[in-house]
>>> print(open('upload06.cif').read())   # mmCIF, C-alpha atoms
data_structure
loop_
_atom_site.label_atom_id
_atom_site.label_comp_id
_atom_site.auth_asym_id
_atom_site.auth_seq_id
_atom_site.Cartn_x
_atom_site.Cartn_y
_atom_site.Cartn_z
CA MET F 1 1.91 -0.77 -11.34
CA ASP F 2 2.65 -3.22 -8.49
CA ILE F 3 -0.25 -5.68 -8.75
CA GLU F 4 0.48 -7.29 -5.36
CA LYS F 5 0.36 -3.92 -3.60
CA LEU F 6 -2.84 -3.00 -5.45
CA ASP F 7 -4.43 -6.36 -4.59
CA GLU F 8 -3.62 -5.85 -0.88
CA LEU F 9 -5.16 -2.36 -0.98
CA LEU F 10 -8.40 -3.79 -2.38
CA ARG F 11 -8.40 -6.66 0.11
CA SER F 12 -8.00 -4.19 3.00
CA PHE F 13 -11.08 -2.31 1.82
CA ALA F 14 -13.05 -5.56 1.25
CA ARG F 15 -12.22 -6.84 4.76
CA LEU F 16 -13.09 -3.49 6.37
CA PHE F 17 -16.63 -3.37 4.94
CA GLN F 18 -17.21 -7.05 4.07
CA VAL F 19 -17.92 -6.17 0.45
CA GLY F 20 -16.82 -7.32 -2.97
CA VAL F 21 -14.29 -5.15 -4.81
CA CYS F 22 -13.38 -5.13 -8.50
CA LEU F 23 -10.94 -3.24 -10.71
CA LEU F 24 -12.02 -2.88 -14.34
CA THR F 25 -10.47 -1.62 -17.57
CA PRO F 26 -12.03 1.39 -19.38
CA LYS F 27 -14.08 -1.08 -21.45
CA GLY F 28 -15.38 -2.90 -18.36
CA ARG F 29 -13.16 -5.99 -18.38
CA LYS F 30 -12.44 -7.24 -14.84
CA VAL F 31 -8.72 -7.13 -13.96
CA ILE F 32 -8.79 -7.84 -10.20
CA LEU F 33 -11.75 -9.41 -8.38
CA VAL F 34 -11.75 -9.58 -4.56
CA SER F 35 -14.21 -11.23 -2.16
CA VAL F 36 -17.04 -12.11 -4.56
CA SER F 37 -20.23 -13.18 -2.76
CA GLU F 38 -21.62 -16.68 -3.28
CA PHE F 39 -24.81 -15.12 -4.63
CA CYS F 40 -23.07 -13.11 -7.35
CA ASP F 41 -20.65 -15.94 -8.12
CA TYR F 42 -23.57 -18.29 -8.79
CA VAL F 43 -25.46 -15.71 -10.89
CA HIS F 44 -22.35 -15.22 -13.05
CA SER F 45 -22.09 -18.99 -13.56
CA ILE F 46 -25.37 -18.78 -15.52
CA ARG F 47 -24.80 -17.36 -19.01
CA LYS F 48 -27.98 -15.27 -19.08
CA GLY F 49 -27.42 -14.07 -15.49
CA LYS F 50 -23.90 -12.95 -16.34
CA ALA F 51 -25.11 -11.10 -19.45
CA ILE F 52 -27.71 -9.19 -17.41
CA CYS F 53 -25.12 -8.27 -14.74
CA ASP F 54 -22.57 -7.18 -17.35
CA ALA F 55 -25.14 -4.92 -19.06
CA CYS F 56 -26.06 -3.37 -15.68
CA ASP F 57 -22.38 -2.81 -14.81
CA LYS F 58 -21.69 -1.10 -18.15
CA ARG F 59 -24.58 1.32 -17.58
CA ALA F 60 -23.13 2.10 -14.14
CA LEU F 61 -19.67 2.71 -15.62
CA ARG F 62 -21.09 5.16 -18.15
CA THR F 63 -23.02 7.00 -15.44
CA SER F 64 -20.01 7.27 -13.09
CA LEU F 65 -17.88 8.52 -15.99
CA LYS F 66 -20.49 11.14 -16.86
CA GLN F 67 -20.77 12.25 -13.21
CA GLY F 68 -16.99 12.21 -12.74
CA ASP F 69 -17.45 10.83 -9.24
CA ILE F 70 -18.54 7.73 -7.31
CA HIS F 71 -21.91 6.46 -8.55
CA ILE F 72 -24.23 4.61 -6.11
CA TYR F 73 -26.77 2.38 -7.82
CA THR F 74 -29.02 -0.66 -7.37
CA CYS F 75 -28.01 -3.53 -9.63
CA SER F 76 -30.40 -5.68 -11.67
CA ASN F 77 -30.53 -8.19 -8.79
CA GLY F 78 -31.55 -5.65 -6.13
CA LEU F 79 -28.12 -5.13 -4.51
CA THR F 80 -26.40 -1.84 -3.70
CA ASP F 81 -23.15 -1.18 -5.61
CA LEU F 82 -20.67 1.67 -6.00
CA CYS F 83 -18.55 2.59 -9.02
CA ALA F 84 -15.78 5.22 -9.39
CA PRO F 85 -13.78 6.24 -12.51
CA LEU F 86 -9.97 6.30 -12.21
CA HIS F 87 -8.16 9.00 -14.18
CA ILE F 88 -4.36 8.70 -14.38
CA ASN F 89 -2.59 11.87 -15.52
CA GLY F 90 -5.85 13.18 -16.97
CA ARG F 91 -6.72 10.01 -18.92
CA LEU F 92 -9.33 7.36 -18.06
CA ALA F 93 -7.43 4.27 -16.89
CA GLY F 94 -10.31 2.17 -15.55
CA PHE F 95 -12.94 1.88 -12.83
CA LEU F 96 -13.11 0.81 -9.18
CA ALA F 97 -16.33 -1.00 -8.27
CA SER F 98 -17.61 -2.32 -4.95
CA GLY F 99 -20.79 -3.53 -3.29
CA GLN F 100 -22.83 -6.76 -3.37
CA VAL F 101 -24.69 -5.71 -0.18
CA GLN F 102 -28.34 -5.48 0.82
CA PRO F 103 -29.61 -1.89 1.20
CA GLY F 104 -31.51 -3.01 4.34
CA LEU F 105 -32.91 -6.04 6.08
CA THR F 106 -35.04 -7.86 3.52
CA GLY F 107 -38.27 -9.57 4.60
CA ASP F 108 -39.67 -12.70 2.96
CA ALA F 109 -42.32 -10.85 0.94
CA GLU F 110 -39.83 -8.26 -0.26
CA LEU F 111 -37.29 -10.94 -1.17
CA LYS F 112 -39.92 -12.82 -3.19
CA ALA F 113 -40.65 -9.60 -5.08
CA ILE F 114 -36.95 -9.07 -5.75
CA SER F 115 -36.54 -12.67 -6.90
CA ARG F 116 -39.13 -12.12 -9.63
CA ARG F 117 -36.53 -9.90 -11.35
CA TRP F 118 -34.27 -12.92 -11.74
CA THR F 119 -35.43 -13.91 -15.22
CA PHE F 120 -32.33 -16.04 -15.67
CA VAL F 121 -33.40 -18.54 -12.97
CA ARG F 122 -34.06 -21.95 -14.54
CA ASN F 123 -36.23 -23.67 -11.90
CA ASP F 124 -37.80 -23.29 -8.43
CA GLU F 125 -34.95 -25.16 -6.73
CA GLU F 126 -32.40 -22.73 -8.15
CA ARG F 127 -34.56 -19.74 -7.12
CA ALA F 128 -34.81 -21.05 -3.54
CA PHE F 129 -31.02 -21.56 -3.46
CA LEU F 130 -30.39 -17.98 -4.66
CA MET F 131 -32.87 -16.55 -2.16
CA GLU F 132 -30.99 -18.27 0.66
CA LYS F 133 -27.65 -16.88 -0.59
CA TYR F 134 -29.23 -13.42 -0.88
CA ARG F 135 -30.24 -13.55 2.79
CA GLN F 136 -26.58 -14.23 3.71
CA LEU F 137 -25.34 -11.04 2.01
CA PRO F 138 -24.14 -8.26 4.37
CA VAL F 139 -26.51 -5.36 5.11
CA MET F 140 -25.21 -1.80 4.78
CA ASP F 141 -27.40 0.99 6.18
CA GLU F 142 -27.23 4.61 5.03
CA ALA F 143 -24.61 5.64 7.64
CA GLU F 144 -22.35 2.70 6.80
CA LEU F 145 -22.82 3.39 3.10
CA LYS F 146 -21.69 7.02 3.55
CA ARG F 147 -18.62 5.82 5.46
CA ALA F 148 -17.82 3.29 2.73
CA LEU F 149 -18.26 6.04 0.15
CA GLU F 150 -15.68 8.28 1.82
CA ILE F 151 -13.17 5.45 2.31
CA MET F 152 -13.68 4.35 -1.30
CA ARG F 153 -12.98 7.92 -2.43
CA LEU F 154 -9.75 7.83 -0.40
CA LEU F 155 -8.88 4.40 -1.85
CA SER F 156 -9.44 5.50 -5.45
CA THR F 157 -7.28 8.59 -4.81
CA GLN F 158 -4.51 6.39 -3.37
CA ILE F 159 -4.65 4.09 -6.42
CA VAL F 160 -4.39 7.06 -8.78
CA GLU F 161 -1.47 8.56 -6.82
CA LEU F 162 0.29 5.19 -6.71
CA CYS F 163 -0.02 4.84 -10.50
CA GLU F 164 1.21 8.37 -11.13
CA ILE F 165 4.20 7.85 -8.81
CA ASN F 166 5.08 4.59 -10.61
CA LEU F 167 4.77 6.30 -14.00
CA ALA F 168 7.03 9.09 -12.76
CA ARG F 169 9.50 6.50 -11.46
CA GLN F 170 9.49 4.70 -14.80
CA LYS F 171 10.17 7.97 -16.56
CA ILE F 172 13.04 8.67 -14.16
CA LEU F 173 14.56 5.24 -14.87
CA GLU F 174 14.32 5.87 -18.61
CA GLN F 175 16.04 9.20 -18.11
CA SER F 176 18.70 7.48 -16.01
CA LEU F 177 19.55 5.12 -18.88
CA LEU F 178 19.81 8.02 -21.30
CA LEU F 179 21.97 10.02 -18.90
CA SER F 180 24.33 7.09 -18.30
CA GLN F 181 25.06 7.07 -22.06
CA GLN F 182 25.79 10.79 -22.06
CA ARG F 183 27.58 11.05 -18.71
CA GLN F 184 30.78 12.51 -20.16
CA LYS F 185 28.87 15.35 -21.81
CA SER F 186 25.95 15.79 -19.41
CA ALA F 187 27.20 16.07 -15.79
CA GLY F 188 24.62 18.78 -15.14
CA MET F 189 21.76 16.49 -16.29
CA GLU F 190 22.89 13.79 -13.83
CA HIS F 191 22.58 16.28 -10.98
CA ALA F 192 19.00 17.11 -12.10
CA LEU F 193 18.17 13.38 -12.19
CA HIS F 194 19.42 12.91 -8.63
CA ARG F 195 17.20 15.75 -7.42
CA ALA F 196 14.23 14.15 -9.20
CA GLN F 197 14.98 10.79 -7.55
CA LEU F 198 14.95 12.38 -4.08
CA LYS F 199 11.66 14.13 -4.85
CA ALA F 200 10.12 10.84 -6.01
CA LEU F 201 11.37 9.10 -2.87
CA ARG F 202 9.74 11.74 -0.63
CA SER F 203 6.48 11.21 -2.52
CA GLN F 204 6.71 7.42 -2.22
CA ILE F 205 4.65 7.01 0.97
CA ASN F 206 3.42 3.43 0.92
CA PRO F 207 -0.37 3.76 0.37
CA HIS F 208 -1.02 0.42 2.06
CA PHE F 209 0.86 1.59 5.17
CA LEU F 210 -0.86 4.98 5.20
CA PHE F 211 -4.32 3.47 4.65
CA ASN F 212 -3.93 0.98 7.50
CA SER F 213 -2.50 3.64 9.82
CA LEU F 214 -5.44 5.98 9.25
CA ASN F 215 -7.81 3.07 9.76
CA CYS F 216 -6.15 2.29 13.10
CA ILE F 217 -6.49 5.94 14.15
CA ALA F 218 -10.21 5.90 13.33
CA ARG F 219 -10.80 2.73 15.34
CA LEU F 220 -8.79 3.94 18.32
CA ALA F 221 -10.68 7.22 18.34
CA LEU F 222 -13.95 5.29 18.38
CA PHE F 223 -13.19 2.70 21.04
CA GLU F 224 -10.53 4.26 23.31
CA ALA F 225 -10.01 7.27 25.52
CA ALA F 226 -7.72 9.03 23.06
CA GLU F 227 -4.30 8.53 24.70
CA ARG F 228 -3.05 5.90 22.26
CA THR F 229 -4.76 7.77 19.45
CA VAL F 230 -2.77 10.90 20.30
CA GLU F 231 0.44 8.87 20.45
CA MET F 232 -0.13 7.26 17.08
CA THR F 233 -1.20 10.53 15.47
CA GLU F 234 1.94 12.26 16.73
CA GLN F 235 4.17 9.42 15.49
CA LEU F 236 2.49 9.51 12.09
CA ALA F 237 2.83 13.31 11.95
CA ASP F 238 6.55 13.06 12.83
CA TYR F 239 7.07 10.41 10.18
CA LEU F 240 5.26 12.37 7.46
CA ARG F 241 6.94 15.63 8.47
CA TYR F 242 10.36 13.97 8.07
CA THR F 243 9.59 12.25 4.77
CA LEU F 244 8.16 15.41 3.21
CA GLN F 245 10.73 17.90 4.50
CA GLU F 246 12.81 19.91 2.06
CA GLN F 247 16.37 18.62 1.81
CA GLY F 248 19.57 20.59 1.50
CA GLU F 249 21.48 20.88 -1.74
CA HIS F 250 22.97 17.38 -1.46
CA GLY F 251 20.04 15.62 0.24
CA LEU F 252 21.89 14.83 3.47
CA VAL F 253 20.52 14.50 7.03
CA SER F 254 22.07 13.52 10.34
CA LEU F 255 22.02 9.83 11.24
CA GLY F 256 20.16 10.77 14.44
CA GLU F 257 17.32 12.30 12.41
CA GLU F 258 17.13 9.25 10.16
CA LEU F 259 16.95 6.87 13.14
CA GLN F 260 14.23 9.00 14.77
CA CYS F 261 12.21 8.60 11.58
CA VAL F 262 12.65 4.82 11.86
CA ARG F 263 11.46 4.96 15.49
CA SER F 264 8.28 6.80 14.47
CA TYR F 265 7.65 4.34 11.65
CA LEU F 266 8.07 1.30 13.91
CA ALA F 267 5.95 2.87 16.67
CA ILE F 268 3.06 3.22 14.21
CA TYR F 269 3.41 -0.41 13.17
CA ARG F 270 3.52 -1.48 16.82
CA VAL F 271 0.02 -0.06 17.35
CA ARG F 272 -1.19 -2.29 14.52
CA PHE F 273 0.75 -5.35 15.65
CA GLY F 274 0.18 -4.91 19.40
CA ASP F 275 2.18 -7.43 21.44
CA ARG F 276 3.31 -9.12 18.23
CA LEU F 277 6.04 -6.49 17.65
CA SER F 278 8.85 -5.15 19.81
CA PHE F 279 11.83 -3.13 18.62
CA PHE F 280 15.01 -1.63 20.05
CA ILE F 281 17.15 1.07 18.40
CA LYS F 282 20.51 2.07 19.82
CA GLU F 283 23.08 4.43 18.35
CA ASP F 284 26.40 5.60 19.75
CA PRO F 285 26.39 9.35 20.50
CA GLU F 286 29.47 9.86 18.29
CA VAL F 287 27.60 8.81 15.12
CA ARG F 288 24.38 10.81 15.64
CA GLU F 289 25.66 13.92 13.87
CA CYS F 290 27.23 12.02 10.96
CA LEU F 291 25.61 12.98 7.66
CA VAL F 292 23.92 10.26 5.58
CA PRO F 293 21.64 10.34 2.51
CA PHE F 294 17.98 11.09 3.29
CA MET F 295 15.75 7.96 3.74
CA LEU F 296 18.69 5.55 3.60
CA ILE F 297 17.80 3.32 6.58
CA GLN F 298 13.98 3.55 6.73
CA PRO F 299 13.51 1.34 3.60
CA LEU F 300 15.57 -1.38 5.36
CA ALA F 301 13.23 -1.33 8.39
CA GLU F 302 10.17 -1.35 6.11
CA ASN F 303 11.59 -4.32 4.22
CA ALA F 304 12.10 -6.23 7.49
CA LEU F 305 8.51 -5.60 8.61
CA ILE F 306 6.74 -6.42 5.34
CA HIS F 307 8.84 -9.38 4.17
CA GLY F 308 10.16 -10.73 7.47
CA LEU F 309 7.83 -10.04 10.41
CA GLU F 310 4.34 -9.67 8.85
CA PRO F 311 4.31 -13.23 7.37
CA SER F 312 5.61 -14.74 10.65
CA LEU F 313 3.23 -16.21 13.24
CA ARG F 314 5.49 -15.67 16.26
CA GLU F 315 6.17 -12.50 18.22
CA GLY F 316 8.26 -10.20 16.05
CA ARG F 317 11.46 -8.56 17.30
CA LEU F 318 13.60 -6.03 15.49
CA LEU F 319 16.98 -4.75 16.69
CA LEU F 320 18.81 -1.84 15.03
CA THR F 321 22.25 -0.65 16.15
CA ALA F 322 24.50 2.08 14.77
CA LYS F 323 28.06 2.57 15.99
CA LYS F 324 31.49 3.79 15.01
CA ASP F 325 33.88 1.18 13.60
CA GLY F 326 37.23 2.79 12.91
CA ASP F 327 36.64 5.44 10.26
CA ALA F 328 33.30 3.91 9.24
CA ILE F 329 29.69 3.85 10.44
CA HIS F 330 28.45 0.32 11.11
CA VAL F 331 24.64 -0.20 11.04
CA VAL F 332 23.08 -3.62 11.73
CA LEU F 333 19.38 -4.42 11.48
CA ARG F 334 18.28 -7.85 12.70
CA ASP F 335 14.77 -9.40 12.76
CA ASN F 336 13.44 -12.80 13.82
CA GLY F 337 11.00 -13.12 10.90
CA VAL F 338 10.64 -15.80 8.26
CA GLY F 339 14.04 -15.20 6.65
CA PHE F 340 14.59 -16.41 3.10
CA LYS F 341 16.23 -19.13 1.03
CA ALA F 342 19.41 -17.89 -0.61
CA SER F 343 18.55 -19.66 -3.87
CA GLY F 344 15.19 -17.89 -4.17
CA PHE F 345 16.13 -14.46 -2.82
CA ARG F 346 15.36 -11.48 -5.05
CA GLU F 347 15.96 -7.91 -4.01
CA GLY F 348 12.94 -5.63 -4.27
CA MET F 349 12.80 -1.97 -5.21
CA GLY F 350 13.58 -0.80 -1.66
CA LEU F 351 16.94 -2.59 -1.38
CA ALA F 352 17.82 -1.79 -5.00
CA ASN F 353 17.16 1.89 -4.31
CA VAL F 354 19.41 1.84 -1.22
CA ARG F 355 22.25 0.17 -3.18
CA LYS F 356 21.92 2.67 -6.01
CA ARG F 357 22.12 5.65 -3.66
CA LEU F 358 25.05 4.12 -1.75
CA SER F 359 26.88 3.86 -5.07
CA LEU F 360 25.96 7.44 -5.96
CA TYR F 361 27.20 8.93 -2.66
CA TYR F 362 30.01 6.56 -1.67
CA GLY F 363 31.15 4.69 -4.79
CA GLU F 364 32.93 1.50 -3.72
CA SER F 365 33.51 2.78 -0.16
CA ALA F 366 30.15 1.54 1.20
CA SER F 367 28.66 -1.94 1.41
CA LEU F 368 25.22 -3.49 2.05
CA ASP F 369 25.01 -7.16 3.04
CA VAL F 370 21.72 -9.09 3.44
CA ARG F 371 21.71 -12.61 4.76
CA SER F 372 19.27 -15.10 6.28
CA VAL F 373 20.04 -16.14 9.87
CA PRO F 374 20.15 -19.95 10.42
CA CYS F 375 17.98 -19.83 13.57
CA GLY F 376 15.35 -17.70 11.78
CA GLY F 377 15.20 -14.12 10.59
CA THR F 378 17.28 -11.76 8.46
CA ARG F 379 20.40 -9.68 9.18
CA VAL F 380 21.13 -6.54 7.18
CA GLU F 381 24.58 -4.98 7.62
CA LEU F 382 25.47 -1.53 6.30
CA ARG F 383 28.96 -0.01 6.32
CA LEU F 384 29.71 3.49 5.07
CA PRO F 385 32.27 6.26 5.60
CA GLU F 386 31.62 9.06 8.08
CA ARG F 387 30.95 11.44 5.17
CA PRO F 388 29.92 10.80 1.55
CA VAL F 389 32.81 10.45 -0.87
CA ASN F 390 30.78 11.94 -3.75
CA LEU F 391 28.34 14.85 -3.48
CA PRO F 392 25.91 14.80 -6.46
#
>>> encode(input="upload06.cif", output="structure tokens")
Amino acid sequence: MDIEKLDELLRSFARLFQVGVCLLTPKGRKVILVSVSEFCDYVHSIRKGKAICDACDKRALRTSLKQGDIHIYTCSNGLTDLCAPLHINGRLAGFLASGQVQPGLTGDAELKAISRRWTFVRNDEERAFLMEKYRQLPVMDEAELKRALEIMRLLSTQIVELCEINLARQKILEQSLLLSQQRQKSAGMEHALHRAQLKALRSQINPHFLFNSLNCIARLALFEAAERTVEMTEQLADYLRYTLQEQGEHGLVSLGEELQCVRSYLAIYRVRFGDRLSFFIKEDPEVRECLVPFMLIQPLAENALIHGLEPSLREGRLLLTAKKDGDAIHVVLRDNGVGFKASGFREGMGLANVRKRLSLYYGESASLDVRSVPCGGTRVELRLPERPVNLP
């Protein structure tokens, strides 16, 4: 799966609760480690301390696997941890672990009692150092622990769904290669592949985007008088309703519908970015009813946000225009983000997917041009006929 996307998911959870997060293989080997506390980092630097922690973690993994759910436990050093098994397509793929927090405020006497468990400590100076680092660990009360438990359950579900979607996508790509070799004899199989690609695309809701959006909704509901919460919830509902709607036989929608989806998507991001993001979308009335492939333009806007505007420190602006140009539709998306160096530019899955579907529907009649703007930012230019040349 996409390790960068997975790493960002784990970092979002770690930042939200100020905890350590770890992804492990079925045998307990650590694959991704995020936000390790100084206390645990030092304990693991001692061979005996690491051995004790590893043995405790393996017992927790076995218990969570037996329970089939998130397991809450106290580690050998007196800290509260959580562990959840991850099953991909019915098979154990690994574990998600989190914690390294105090179960409550620890007094001096209680901390001294806890420190007597640390049989790996080599001298009094080291014990005093570890006790000081223990005091600096975050405290998570019962209510906060329950909240972390629910969010962790959502996170583990998102990881599983992301893996299953990627496995399905890989299977689709393998089928695509096989179908390309049998195209002359298997026109019907190519049509089935196209339908599967559209279904996979509808299911490909970015978990990182969805997780952050729901987090924003929760915070707004807690701290505000609901107006912005209602707005964001409605925008998210519109976006999800569009992405999950059933398509017609050929997977076509009006350009106006597609641009409205982009508006909802950007409006959600604007709540997260605040004054750091402004956008403007304008389309000529004569192109609104033109039919285009479903989810053709939204991946371009997502690409501009994630790779152009998010890494930039200045106020982000995004301009999208769609107009008639002779017998063609001319769409231009411009941002003032970080841009890119032509020599190091590599197209990601989003752009590659758009190009592939342009080829499928329009053959050589459509074009997609991506270039970095000298004064900063990226310009994406899309030209396509008023109607698809090919209907899969």
>>> closest_residue(input="upload06.cif", among="F:Arg314, F:Arg371, F:Arg135, F:Lys324", to="F:Gln102", atoms="all atoms listed in the file")
F:Arg135
>>> closest_residue(input="upload06.cif", among="F:Leu320, F:His250, F:Val380, F:Ile306", to="F:Val262", atoms="only C-alpha atoms")
F:Leu320
>>> closest_residue(input="upload06.cif", among="F:Ala322, F:Leu391, F:Val332, F:Leu111", to="F:Asp284", atoms="only C-alpha atoms")
F:Ala322
>>> residues_around(input="upload06.cif", residues="F:His330", least_positions_apart="4", cutoff="7 Å", atoms="all atoms listed in the file", output="PyMOL selection string")
chain F and resi 322-325+382-384
>>> resolve_selection(input="upload06.cif", expression="the PyMOL selection byres ((chain F and resi 16-20) around 10)", output="VMD selection string")
chain F and resid 10 to 15 21 to 22 33 to 37 40 81 97 to 101 137 to 140 144 to 145 147 to 148 151 215
>>> closest_residue(input="upload06.cif", among="F:Leu105, F:Cys163, F:Ile329, F:Ile32", to="F:Gln136", atoms="only C-alpha atoms")
F:Leu105
>>> atom_distance(input="upload06.cif", atom1="atom CA of F:Asp7", atom2="atom CA of F:Val338")
21.9 Å
>>> atom_distance(input="upload06.cif", atom1="atom CA of F:Gly90", atom2="atom CA of F:Glu4")
24.4 Å
>>> resolve_selection(input="upload06.cif", expression="the PyMOL selection byres ((chain F and resi 29) around 12)", output="list in words")
Cys22, Leu23, Leu24, Thr25, Pro26, Lys27, Gly28, Lys30, Val31, Ile32, Leu33, Asp54, Asp57, Lys58, Leu61, Ala93, Gly94, Phe95, Leu96 and Ala97 of chain F
>>> write_last_selection(input="upload06.cif", atoms="C-alpha atoms", output="short mmCIF file (atom, residue, chain, number, x, y, z; two decimals), keeping the file's coordinate frame")
data_model
loop_
_atom_site.label_atom_id
_atom_site.label_comp_id
_atom_site.auth_asym_id
_atom_site.auth_seq_id
_atom_site.Cartn_x
_atom_site.Cartn_y
_atom_site.Cartn_z
CA CYS F 22 -13.38 -5.13 -8.50
CA LEU F 23 -10.94 -3.24 -10.71
CA LEU F 24 -12.02 -2.88 -14.34
CA THR F 25 -10.47 -1.62 -17.57
CA PRO F 26 -12.03 1.39 -19.38
CA LYS F 27 -14.08 -1.08 -21.45
CA GLY F 28 -15.38 -2.90 -18.36
CA LYS F 30 -12.44 -7.24 -14.84
CA VAL F 31 -8.72 -7.13 -13.96
CA ILE F 32 -8.79 -7.84 -10.20
CA LEU F 33 -11.75 -9.41 -8.38
CA ASP F 54 -22.57 -7.18 -17.35
CA ASP F 57 -22.38 -2.81 -14.81
CA LYS F 58 -21.69 -1.10 -18.15
CA LEU F 61 -19.67 2.71 -15.62
CA ALA F 93 -7.43 4.27 -16.89
CA GLY F 94 -10.31 2.17 -15.55
CA PHE F 95 -12.94 1.88 -12.83
CA LEU F 96 -13.11 0.81 -9.18
CA ALA F 97 -16.33 -1.00 -8.27
#
>>> closest_residue(input="upload06.cif", among="F:Val287, F:Asn123, F:Leu86, F:Pro388", to="F:Leu360", atoms="all atoms listed in the file")
F:Pro388
>>> residues_around(input="upload06.cif", residues="F:Glu289", least_positions_apart="5", cutoff="10 Å", atoms="all atoms listed in the file", output="VMD selection string")
chain F and resid 253 to 257 386
>>> resolve_selection(input="upload06.cif", expression="the PyMOL selection byres ((chain F and resi 114-121) around 12)", output="VMD selection string")
chain F and resid 42 to 53 74 to 79 102 106 to 113 122 to 135
>>> atom_distance(input="upload06.cif", atom1="atom CA of F:Arg169", atom2="atom CA of F:Gly350")
12.9 Å
>>> decode(input="upload06.cif", residues="stretch 315-331 of chain F", atoms="N, CA and C atoms", output="mmCIF file, in the first residue's frame")
data_model
loop_
_atom_site.group_PDB
_atom_site.id
_atom_site.type_symbol
_atom_site.label_atom_id
_atom_site.label_comp_id
_atom_site.auth_asym_id
_atom_site.auth_seq_id
_atom_site.Cartn_x
_atom_site.Cartn_y
_atom_site.Cartn_z
ATOM 1 N N GLU F 315 -0.518 32.185 1.499
ATOM 2 C CA GLU F 315 -1.951 32.000 1.292
ATOM 3 C C GLU F 315 -2.197 31.313 -0.042
ATOM 4 N N GLY F 316 -2.958 30.232 -0.021
ATOM 5 C CA GLY F 316 -3.188 29.457 -1.231
ATOM 6 C C GLY F 316 -4.380 29.959 -2.028
ATOM 7 N N ARG F 317 -4.198 30.028 -3.346
ATOM 8 C CA ARG F 317 -5.293 30.432 -4.244
ATOM 9 C C ARG F 317 -5.400 29.409 -5.365
ATOM 10 N N LEU F 318 -6.636 29.089 -5.702
ATOM 11 C CA LEU F 318 -6.881 28.123 -6.772
ATOM 12 C C LEU F 318 -7.976 28.676 -7.671
ATOM 13 N N LEU F 319 -7.708 28.708 -8.964
ATOM 14 C CA LEU F 319 -8.653 29.236 -9.959
ATOM 15 C C LEU F 319 -8.942 28.139 -10.975
ATOM 16 N N LEU F 320 -10.236 27.864 -11.203
ATOM 17 C CA LEU F 320 -10.638 26.843 -12.178
ATOM 18 C C LEU F 320 -11.649 27.467 -13.140
ATOM 19 N N THR F 321 -11.373 27.401 -14.422
ATOM 20 C CA THR F 321 -12.287 27.932 -15.434
ATOM 21 C C THR F 321 -12.609 26.847 -16.457
ATOM 22 N N ALA F 322 -13.828 26.873 -16.966
ATOM 23 C CA ALA F 322 -14.256 25.938 -18.004
ATOM 24 C C ALA F 322 -15.054 26.734 -19.042
ATOM 25 N N LYS F 323 -14.632 26.660 -20.287
ATOM 26 C CA LYS F 323 -15.315 27.432 -21.322
ATOM 27 C C LYS F 323 -15.265 26.695 -22.651
ATOM 28 N N LYS F 324 -16.060 27.189 -23.582
ATOM 29 C CA LYS F 324 -16.110 26.634 -24.930
ATOM 30 C C LYS F 324 -14.974 27.245 -25.751
ATOM 31 N N ASP F 325 -14.288 26.421 -26.507
ATOM 32 C CA ASP F 325 -13.218 26.879 -27.392
ATOM 33 C C ASP F 325 -13.393 26.179 -28.729
ATOM 34 N N GLY F 326 -14.162 26.819 -29.617
ATOM 35 C CA GLY F 326 -14.485 26.168 -30.882
ATOM 36 C C GLY F 326 -15.398 24.986 -30.640
ATOM 37 N N ASP F 327 -14.975 23.811 -31.086
ATOM 38 C CA ASP F 327 -15.752 22.589 -30.865
ATOM 39 C C ASP F 327 -15.273 21.830 -29.637
ATOM 40 N N ALA F 328 -14.430 22.447 -28.829
ATOM 41 C CA ALA F 328 -13.843 21.756 -27.683
ATOM 42 C C ALA F 328 -14.209 22.434 -26.380
ATOM 43 N N ILE F 329 -14.054 21.695 -25.288
ATOM 44 C CA ILE F 329 -14.181 22.230 -23.924
ATOM 45 C C ILE F 329 -12.773 22.497 -23.411
ATOM 46 N N HIS F 330 -12.562 23.697 -22.916
ATOM 47 C CA HIS F 330 -11.235 24.095 -22.430
ATOM 48 C C HIS F 330 -11.311 24.335 -20.916
ATOM 49 N N VAL F 331 -10.616 23.490 -20.124
ATOM 50 C CA VAL F 331 -10.616 23.601 -18.665
ATOM 51 C C VAL F 331 -9.197 23.943 -18.205
#
